Amino acid sequence: IMTEGEMEAELTSPPHVPKPVGNRTAMKLKLNMEIKEQEGTMTDGVKYTYWTFGGSVPGSFIRTRVGDEVEFHLKNHPDNKLPHNIDLHAVTGPGGGATSSLVAPGHEKVFSFKVINPGLYVYHCATAPVGMHIANGMYGLILVEPEGGLPPVDKEYYVMQGDFYTQGEYGAKGLQAFDMNKAIKETPDYVVFNGKVGSLTNGNELTAKVGETVRLFVGNGGPNLVSSFHVIGEIFDNVHIEGGSSINKNVQTTLIPAGGAAIVDFKVETPGTFILVDHSIFRAFNKGALGMLKVEGKENQNIYSGTIQEGIYLPEGGTIQKMPGGSNAKAVIPKRTIEEKVKIGKELFGTTCFACHQSEGQGIPNTFPPLAKSDYLNSDSKRAIKTIIHGLTGEITVNGKKYNNVMPAQNLSDDEIANVLTYIYSSWGNNKTEITPEMVKALR
Ligand code: HEM
Ligand code: CU
């Protein structure tokens with residue numbers, strides 16, 4: 001293919017992508033990318049020193065078309081400490097460009113390549129120790145559109161998963177150093193979309209309107225984990241499997257290999273919040289791999305009509321049947337010291353509440369409210385007891401943030417509720433209220 005003309009490549013940070021190539025001819029694309037080592041936020045109170053292509057994790061999105069000749073200018077910012085390079089999986093040539101692009105801080109390297117295979121490709125740093133450079137965020141996506149471009153859609157977004165290994169456990173505060181041993185064992189503390197917990201929640205949701213078609217360019221930087229990418233409440237109409245030319249239709253979950261990608265698109269038919277997850281589900285609810293797509297517009301009762309009826313289901317001989325008033329309504333209530341309550345309550349929290357409210361009571365933005373320093377909790381202990389007995393639905397405001405979700409009733413005895421709440425009130429900056437089984441009983 002002949003290349004005509006020259007232009008500067010548009011680069012975008014996630015979740016945005018440059019505008020489609022449409023039916024332009026192949027061209028010479030001048031591409032300027034700067035590597036920056038910079039401190040960023042992994043989650044509330046947790047900092048991490050990211051190494052980035054273009055100042056974001058994942059790095060800037062590159063959009064080309066088949067036949068483009070890319071003149072790649074790779075700059076390593078003078079304040080950086082290390083040399084880096086780039087291996088683009090869209091490149092046919094030694095090291096995918098890595099051998100020509102090793103660049104020291106304060107320097108610039110220029111190399112060029114022609115993109116000849118259409119598809120969605122990962123790029124990453126390949127400087128030793130390679131795993132460490134990738135684990136610190138040095139990856140991104142380069143799209144090579146076919147001649148004439150991909151079919152037009154209404155919304156396009158850039159989402160890329162990565163696993164992170166920190167010296168402290170999930171949520172441990174402060175600046176967290178990279179942990180090489182955890183990386184070798186492949187036991188990440190964080191598995192996230194777009195470089196941090198909450199990059200696509202809490203006001204950063206992806207958005208669309210009912211009736212629109214949405215295309216997600218999904219990548220996985222790894223370094224280690226394979227992603228089972230899924231959108232709760234949606235079915236992918238089309239998936240470019242592994243980012244290539246083969247299209248699979250009507251897919252629930254698509255595998256995104258480490259160092260691989262997929263292009264998925266779907267029409268949004270009903271309003272609501274659709275949740276992007278790695279369906280290796282503890283990663284979503286406990287390590288951060290959770291994003292949101294907010295769809296606004298008119299209800300479509302033909303497609304989804306919500307709850308029609310709710311009834312009580314009591315299976316014959318089922319073990320979940322309990323007497324009203326909890327499992328030990330008639331049992332003698334033991335007298336316990338605060339220390340005993342805290343100890344027993346902590347164990348119960350770790351088996352029952354933490355899956356949603358998280359190990360330090362920090363919650364999950366937009367979904368599960370925090371119990372740590374919760375104004376809602378501290379202002380009304382009777383309400384807290386009732387929340388556990390009956391569950392809670394409807395909009396509430398906790399520490400200035402709105403939640404509108406469902407907490408199921410917890411089938412616990414008076415003693416258990418007293419213990420778990422006493423533990424919660426005695427932890428994470430809460431107001432140390434002591435709850436007794438009698439207080440619980442009085443509210444049944
Ligand atoms: C709300 C405690 C288990 C999901 C709350 C609140 C409390 C509480 C005190 C009020 C809001 C606040 O202070 O932040 C507990 C305790 C649990 C437990 C002690 C264990 C015994 C769970 C579980 C889930 C869950 C297992 C998820 C399946 C929620 C949700 C809300 C909430 C979604 C907000 C409800 C709304 O938006 O109206 N919880 N919880 N909780 N909890 Fe739990
Ligand atoms: Cu690097």
# chains A, B, ... in the order shown; residues from 1 in each chain; ligands from 1

call {"tool": "residues_around", "arguments": {"residues": "segment 199-210 of chain A", "least_positions_apart": "3", "cutoff": "10 Å", "atoms": "only C-alpha atoms", "output": "MDAnalysis selection string"}}
result
chainID A and resid 14:16 42:43 154:159 192:196 213:214 267:276 288:300 364:367 401:402

call {"tool": "residues_near_ligand", "arguments": {"ligand": "ligand 1", "cutoff": "7 Å", "atoms": "only C-alpha atoms and all ligand atoms", "output": "short mmCIF file (atom, residue, chain, number, x, y, z; two decimals) with N, CA and C atoms, in the first residue's frame"}}
result
data_model
loop_
_atom_site.label_atom_id
_atom_site.label_comp_id
_atom_site.auth_asym_id
_atom_site.auth_seq_id
_atom_site.Cartn_x
_atom_site.Cartn_y
_atom_site.Cartn_z
N PHE A 349 -17.05 -11.14 61.28
CA PHE A 349 -16.91 -10.14 60.22
C PHE A 349 -16.13 -10.73 59.03
N THR A 352 -18.45 -13.17 57.17
CA THR A 352 -19.79 -12.78 56.75
C THR A 352 -19.87 -11.41 56.07
N CYS A 353 -19.23 -10.41 56.62
CA CYS A 353 -19.45 -9.04 56.15
C CYS A 353 -18.38 -8.56 55.18
N PHE A 354 -17.17 -9.10 55.35
CA PHE A 354 -16.03 -8.50 54.67
C PHE A 354 -16.09 -8.62 53.16
N ALA A 355 -16.81 -9.65 52.65
CA ALA A 355 -16.88 -9.83 51.19
C ALA A 355 -17.43 -8.58 50.53
N CYS A 356 -18.33 -7.91 51.19
CA CYS A 356 -18.88 -6.69 50.62
C CYS A 356 -18.25 -5.44 51.23
N HIS A 357 -18.14 -5.40 52.54
CA HIS A 357 -17.64 -4.17 53.18
C HIS A 357 -16.12 -4.11 53.24
N THR A 367 -20.76 1.00 45.51
CA THR A 367 -21.48 -0.26 45.61
C THR A 367 -21.75 -0.65 47.05
N PHE A 368 -20.69 -0.78 47.82
CA PHE A 368 -20.82 -1.18 49.22
C PHE A 368 -20.28 -0.07 50.11
N PRO A 369 -21.13 0.49 50.98
CA PRO A 369 -20.68 1.63 51.79
C PRO A 369 -19.62 1.22 52.81
N PRO A 370 -18.77 2.17 53.19
CA PRO A 370 -17.75 1.87 54.20
C PRO A 370 -18.39 1.73 55.58
N LEU A 371 -17.79 0.87 56.40
CA LEU A 371 -18.14 0.82 57.82
C LEU A 371 -17.07 1.53 58.63
N SER A 374 -17.78 5.48 59.49
CA SER A 374 -19.04 5.74 58.79
C SER A 374 -19.93 6.63 59.63
N ASP A 375 -20.28 7.81 59.13
CA ASP A 375 -21.17 8.70 59.89
C ASP A 375 -22.56 8.07 60.05
N TYR A 376 -22.97 7.34 59.02
CA TYR A 376 -24.27 6.66 59.03
C TYR A 376 -24.32 5.64 60.17
N LEU A 377 -23.26 4.89 60.31
CA LEU A 377 -23.17 3.87 61.36
C LEU A 377 -23.09 4.52 62.75
N ALA A 384 -28.33 0.52 62.84
CA ALA A 384 -27.32 -0.45 62.41
C ALA A 384 -27.77 -1.87 62.75
N THR A 387 -30.42 -2.89 60.37
CA THR A 387 -29.85 -3.17 59.05
C THR A 387 -29.42 -4.62 58.94
N ILE A 388 -28.84 -5.12 60.03
CA ILE A 388 -28.35 -6.50 59.98
C ILE A 388 -29.51 -7.50 60.10
N LEU A 392 -31.04 -4.00 54.11
CA LEU A 392 -31.24 -2.58 53.82
C LEU A 392 -31.31 -2.37 52.32
N THR A 393 -32.33 -1.60 51.88
CA THR A 393 -32.39 -1.22 50.47
C THR A 393 -32.78 0.24 50.39
N GLY A 394 -32.58 0.82 49.23
CA GLY A 394 -32.94 2.22 49.02
C GLY A 394 -31.74 3.11 49.20
N GLU A 395 -31.93 4.38 48.82
CA GLU A 395 -30.78 5.29 48.82
C GLU A 395 -30.40 5.70 50.24
N ILE A 396 -29.12 5.60 50.54
CA ILE A 396 -28.60 6.13 51.80
C ILE A 396 -27.36 6.96 51.48
N VAL A 398 -23.64 7.85 52.97
CA VAL A 398 -22.61 7.52 53.96
C VAL A 398 -21.38 8.36 53.65
N TYR A 403 -25.42 5.76 48.18
CA TYR A 403 -25.44 4.34 47.82
C TYR A 403 -26.89 3.96 47.62
N ASN A 404 -27.13 3.15 46.61
CA ASN A 404 -28.49 2.68 46.39
C ASN A 404 -28.40 1.24 45.93
N ASN A 405 -28.37 0.35 46.89
CA ASN A 405 -28.04 -1.02 46.62
C ASN A 405 -28.83 -1.92 47.56
N VAL A 406 -28.53 -3.18 47.58
CA VAL A 406 -29.27 -4.10 48.43
C VAL A 406 -28.32 -4.83 49.36
N MET A 407 -28.55 -4.68 50.67
CA MET A 407 -27.86 -5.53 51.62
C MET A 407 -28.85 -6.59 52.09
N PRO A 408 -28.52 -7.88 51.89
CA PRO A 408 -29.44 -8.92 52.34
C PRO A 408 -29.49 -8.99 53.86
N GLN A 410 -29.08 -10.52 57.39
CA GLN A 410 -28.09 -11.50 57.83
C GLN A 410 -28.74 -12.39 58.89
N ILE A 417 -24.92 -10.79 66.43
CA ILE A 417 -25.05 -9.40 65.96
C ILE A 417 -24.38 -8.45 66.96
N VAL A 420 -20.54 -8.79 66.39
CA VAL A 420 -19.97 -8.23 65.16
C VAL A 420 -20.08 -6.70 65.17
N LEU A 421 -21.18 -6.18 65.69
CA LEU A 421 -21.31 -4.72 65.72
C LEU A 421 -20.36 -4.09 66.74
#

call {"tool": "atom_distance", "arguments": {"atom1": "atom CA of Trp51 of chain A", "atom2": "atom CA of Ile134 of chain A"}}
result
8.4 Å

call {"tool": "closest_residue", "arguments": {"among": "A:Ser56, A:Asn80, A:Ser426, A:Ser359", "to": "ligand 2", "atoms": "only C-alpha atoms and all ligand atoms"}}
result
A:Asn80

call {"tool": "residues_near_ligand", "arguments": {"ligand": "ligand 2", "cutoff": "8 Å", "atoms": "only C-alpha atoms and all ligand atoms", "output": "list of chain:residue names"}}
result
A:Trp51, A:Leu82, A:Pro83, A:His84, A:Asn85, A:Ile86, A:His124, A:Cys125, A:Ala126, A:Thr127, A:Ala128, A:Val130, A:His133, A:Ile134, A:Met138

call {"tool": "closest_residue", "arguments": {"among": "A:Gly259, A:Gly233, A:Pro20, A:Pro437", "to": "Leu150 of chain A", "atoms": "only C-alpha atoms"}}
result
A:Pro20

call {"tool": "residues_around", "arguments": {"residues": "Ile344 of chain A", "least_positions_apart": "6", "cutoff": "9 Å", "atoms": "only C-alpha atoms", "output": "PDB file with C-alpha atoms, in the first residue's frame"}}
result
ATOM      1  CA  GLU A 416     -23.663 -12.786  67.010  1.00  0.00           C
ATOM      2  CA  ASN A 419     -20.433  -9.256  68.776  1.00  0.00           C
ATOM      3  CA  VAL A 420     -19.970  -8.228  65.161  1.00  0.00           C
ATOM      4  CA  TYR A 423     -16.198  -5.242  66.818  1.00  0.00           C
TER       5      TYR A 423
END
